[in-house]
Amino acid sequence: MSDNKLQVIIVDDEPLALRGLKLRLAEFPEVEIVAECANGREAVKEIKAHSPDLVFLDIQMPGLDGFGVVRALIGGPAPLFVFVTAYDKFAIDAFEANALDYIVKPVEEERLKDAIHRAREAMKSKAAVSRESQLVELLASLSEDERDRIKDLINDPAWTEKQRFAERLSFKDGSKVVVLGANEIEWIDAAGDYMCIHAGGKTHIIRETMKALQQRLDPSRFQRVHRSAIVNVGRVKELHPHSNGEYFLILDNGQELKLSRSYKEVVARFI
């Protein structure tokens, strides 16, 4: 660590993700970004050129993926690695004991803060060298079949569909950012150009379209029940049919919502 700063390289093939991580890291004065890489081959080149303390490394990239980057560094000094992934912890369980840390996208400030703290502590310890050596050795020891199984898991459509929805979502509510667990959200309804997110007895008002918001939510847990309403299906306790073909949903907090005839096929989700 020169000048007591962590020399960091960030790697992600998604420009927005790379920019977002850079902006978040700018909040940490103890971090100095020495290179930004958009692919695995560029990452290997920059890591060898800069010998950084820490690399935030996206796992799934076309061509040379994150695992390939680590394997390409075998035989030389290895930096600390923090895996950044759109997939949950299960996808990298085999590496957790050896990599310094992992962060699931979208990157949250508190998790980033924890990772940087762990890196600073690790840099003070000789154990850091041992840990990363073990990671490189582990990746080198994987058979082709084992590597293929990991890639198959990551690329499996069912797994991808399930894991691309975060367990925690962040929303800008006025001048503050609110982070909610997906299960905390009870229902969402539209109010003009704004969305009202109801969770834990509070209402958070955000400026976002219903369509954009729906794309952020796991459809196995959240269903559109009206042109202007989305409900957490796990919160529905009662379903009352109406003579006009509509239904009334009663949530576990007593809230009543209408399920319009246009979304009648959703009824099967509650039966």
# chains A, B, ... in the order shown; residues from 1 in each chain; ligands from 1
$ select_by_dssp --residues "range 162-211 of chain A" --states "helix (DSSP H, G or I)" --output "ChimeraX atom specification"
/A:162-163,182-184,210-211
$ residues_around --residues "range 37-42 of chain A" --least-positions-apart "3" --cutoff "6 Å" --atoms "only C-alpha atoms" --output "MDAnalysis selection string"
chainID A and resid 11:13 45 64:65 69
$ write_last_selection --atoms "C-alpha atoms" --output "PDB file, in the first residue's frame"
ATOM      1  CA  VAL A  11     -12.890  -5.132 -13.654  1.00  0.00           C
ATOM      2  CA  ASP A  12     -16.351  -5.441 -15.241  1.00  0.00           C
ATOM      3  CA  ASP A  13     -17.522  -5.850 -18.824  1.00  0.00           C
ATOM      4  CA  LYS A  45      -2.304  -7.000 -18.351  1.00  0.00           C
ATOM      5  CA  LEU A  64     -11.628 -14.640 -20.263  1.00  0.00           C
ATOM      6  CA  ASP A  65     -13.922 -14.731 -17.207  1.00  0.00           C
ATOM      7  CA  VAL A  69      -8.100 -13.976 -14.808  1.00  0.00           C
TER       8      VAL A  69
END
$ residues_around --residues "Thr209 in chain A" --least-positions-apart "2" --cutoff "12 Å" --atoms "only C-alpha atoms" --output "compact mmCIF listing (two decimals) with N, CA and C atoms, in the first residue's frame"
# COMPACT_ATOMS: atom_id res chain seq x y z
N ILE A 188 -47.20 -2.37 -3.94
CA ILE A 188 -46.77 -1.14 -4.61
C ILE A 188 -47.94 -0.64 -5.44
N ASP A 189 -48.20 0.64 -5.37
CA ASP A 189 -49.23 1.20 -6.24
C ASP A 189 -48.75 2.51 -6.84
N ALA A 190 -49.41 2.89 -7.93
CA ALA A 190 -49.01 4.08 -8.67
C ALA A 190 -49.80 5.29 -8.21
N ALA A 191 -49.11 6.43 -8.20
CA ALA A 191 -49.75 7.71 -7.89
C ALA A 191 -49.24 8.72 -8.91
N GLY A 192 -49.90 8.78 -10.07
CA GLY A 192 -49.43 9.66 -11.13
C GLY A 192 -48.10 9.16 -11.67
N ASP A 193 -47.10 10.04 -11.66
CA ASP A 193 -45.77 9.68 -12.16
C ASP A 193 -44.90 9.05 -11.09
N TYR A 194 -45.47 8.76 -9.93
CA TYR A 194 -44.70 8.22 -8.82
C TYR A 194 -45.20 6.83 -8.43
N MET A 195 -44.32 6.06 -7.82
CA MET A 195 -44.68 4.76 -7.27
C MET A 195 -44.62 4.84 -5.75
N CYS A 196 -45.61 4.26 -5.10
CA CYS A 196 -45.66 4.20 -3.64
C CYS A 196 -45.33 2.78 -3.21
N ILE A 205 -42.03 6.97 -1.46
CA ILE A 205 -42.46 7.48 -2.76
C ILE A 205 -41.24 7.67 -3.65
N ILE A 206 -41.26 7.01 -4.81
CA ILE A 206 -40.14 7.10 -5.73
C ILE A 206 -40.64 7.48 -7.12
N ARG A 207 -39.75 8.09 -7.89
CA ARG A 207 -40.10 8.46 -9.27
C ARG A 207 -39.56 7.38 -10.20
N LYS A 211 -43.42 -0.23 -15.09
CA LYS A 211 -42.73 -1.25 -15.89
C LYS A 211 -41.29 -1.44 -15.41
N ALA A 212 -40.58 -0.33 -15.18
CA ALA A 212 -39.18 -0.41 -14.74
C ALA A 212 -39.09 -1.06 -13.36
N LEU A 213 -40.01 -0.71 -12.49
CA LEU A 213 -40.01 -1.27 -11.14
C LEU A 213 -40.30 -2.77 -11.18
N GLN A 214 -41.24 -3.16 -12.02
CA GLN A 214 -41.60 -4.58 -12.13
C GLN A 214 -40.41 -5.42 -12.61
N GLN A 215 -39.56 -4.85 -13.46
CA GLN A 215 -38.40 -5.57 -13.98
C GLN A 215 -37.34 -5.82 -12.90
N ARG A 216 -37.41 -5.04 -11.82
CA ARG A 216 -36.44 -5.20 -10.73
C ARG A 216 -36.90 -6.25 -9.71
N ARG A 227 -53.62 -2.57 -13.21
CA ARG A 227 -52.82 -1.69 -14.05
C ARG A 227 -51.87 -0.83 -13.23
N SER A 228 -52.25 -0.54 -12.00
CA SER A 228 -51.44 0.35 -11.16
C SER A 228 -51.09 -0.27 -9.81
N ALA A 229 -50.97 -1.60 -9.75
CA ALA A 229 -50.64 -2.24 -8.47
C ALA A 229 -49.85 -3.53 -8.65
$ atom_distance --atom1 "CA of Gly66 in chain A" --atom2 "CA of Leu217 in chain A"
26.9 Å
$ residues_around --residues "Leu180 in chain A" --least-positions-apart "5" --cutoff "8 Å" --atoms "only C-alpha atoms" --output "ChimeraX atom specification"
/A:168-170,185
$ residues_around --residues "Lys172 in chain A" --least-positions-apart "3" --cutoff "10 Å" --atoms "only C-alpha atoms" --output "ChimeraX atom specification"
/A:175-179,204-208
$ closest_residue --among "A:Val31, A:Val231, A:Ala26, A:Val8" --to "Ala43 in chain A" --atoms "only C-alpha atoms"
A:Val8
$ select_by_dssp --residues "range 6-138 of chain A" --states "strand (DSSP E or B)" --output "PyMOL selection string"
chain A and resi 6-11+31-37+54-58+80-85+101-104
$ write_last_selection --atoms "C-alpha atoms" --output "PDB file, in the first residue's frame"
ATOM      1  CA  LEU A   6      -5.138   0.681  -1.239  1.00  0.00           C
ATOM      2  CA  GLN A   7      -4.092   0.436  -4.876  1.00  0.00           C
ATOM      3  CA  VAL A   8      -7.191  -0.936  -6.591  1.00  0.00           C
ATOM      4  CA  ILE A   9      -8.114  -2.237 -10.042  1.00  0.00           C
ATOM      5  CA  ILE A  10     -11.774  -2.670 -10.980  1.00  0.00           C
ATOM      6  CA  VAL A  11     -12.890  -5.132 -13.654  1.00  0.00           C
ATOM      7  CA  VAL A  31      -8.706   3.828  -2.044  1.00  0.00           C
ATOM      8  CA  GLU A  32      -6.838   4.764  -5.218  1.00  0.00           C
ATOM      9  CA  ILE A  33      -8.086   3.263  -8.481  1.00  0.00           C
ATOM     10  CA  VAL A  34      -5.042   2.648 -10.649  1.00  0.00           C
ATOM     11  CA  ALA A  35      -6.821   0.967 -13.570  1.00  0.00           C
ATOM     12  CA  GLU A  36     -10.291   0.182 -14.928  1.00  0.00           C
ATOM     13  CA  CYS A  37     -10.713  -2.885 -17.113  1.00  0.00           C
ATOM     14  CA  LEU A  54      -6.846  -5.301  -4.360  1.00  0.00           C
ATOM     15  CA  VAL A  55      -8.877  -6.260  -7.442  1.00  0.00           C
ATOM     16  CA  PHE A  56     -12.671  -6.017  -7.646  1.00  0.00           C
ATOM     17  CA  LEU A  57     -13.276  -8.721 -10.231  1.00  0.00           C
ATOM     18  CA  ASP A  58     -16.502  -9.506 -12.065  1.00  0.00           C
ATOM     19  CA  LEU A  80      -6.310  -9.708  -3.000  1.00  0.00           C
ATOM     20  CA  PHE A  81      -9.475 -10.521  -4.933  1.00  0.00           C
ATOM     21  CA  VAL A  82     -13.043  -9.464  -4.212  1.00  0.00           C
ATOM     22  CA  PHE A  83     -15.437 -11.245  -6.544  1.00  0.00           C
ATOM     23  CA  VAL A  84     -18.265  -9.056  -7.811  1.00  0.00           C
ATOM     24  CA  THR A  85     -21.164 -11.085  -9.161  1.00  0.00           C
ATOM     25  CA  ASP A 101     -14.570 -11.478  -0.127  1.00  0.00           C
ATOM     26  CA  TYR A 102     -17.483 -11.424  -2.558  1.00  0.00           C
ATOM     27  CA  ILE A 103     -20.079  -8.749  -3.325  1.00  0.00           C
ATOM     28  CA  VAL A 104     -23.407  -9.398  -5.021  1.00  0.00           C
TER      29      VAL A 104
END
$ closest_residue --among "A:Glu186, A:Pro219, A:Ala86, A:Glu265" --to "Ile59 in chain A" --atoms "only C-alpha atoms"
A:Ala86
$ closest_residue --among "A:Ile197, A:Met61, A:Ala99, A:Val107" --to "Lys22 in chain A" --atoms "only C-alpha atoms"
A:Val107
$ residues_around --residues "Val44 in chain A" --least-positions-apart "6" --cutoff "9 Å" --atoms "only C-alpha atoms" --output "ChimeraX atom specification"
/A:69-70,72-73
$ residues_around --residues "range 252-262 of chain A" --least-positions-apart "2" --cutoff "7 Å" --atoms "only C-alpha atoms" --output "ChimeraX atom specification"
/A:225-226,235-237,245-250,264
$ write_last_selection --atoms "C-alpha atoms" --output "JSON list (two decimals), in the first residue's frame"
[["chain", "number", "residue", "atom", "x", "y", "z"],
["A", 225, "VAL", "CA", -52.72, -7.49, -10.02],
["A", 226, "HIS", "CA", -53.95, -4.23, -11.49],
["A", 235, "ARG", "CA", -48.37, -11.35, 1.88],
["A", 236, "VAL", "CA", -51.76, -12.41, 0.48],
["A", 237, "LYS", "CA", -53.86, -14.21, 3.11],
["A", 245, "GLY", "CA", -65.14, -11.18, -12.34],
["A", 246, "GLU", "CA", -62.72, -9.19, -10.21],
["A", 247, "TYR", "CA", -61.20, -10.32, -6.92],
["A", 248, "PHE", "CA", -60.29, -8.65, -3.68],
["A", 249, "LEU", "CA", -57.00, -9.60, -2.05],
["A", 250, "ILE", "CA", -56.54, -9.27, 1.70],
["A", 264, "LYS", "CA", -57.35, -12.83, -13.72]]
$ closest_residue --among "A:Pro241, A:Pro79, A:Gly68, A:Pro15" --to "Lys48 in chain A" --atoms "only C-alpha atoms"
A:Pro79
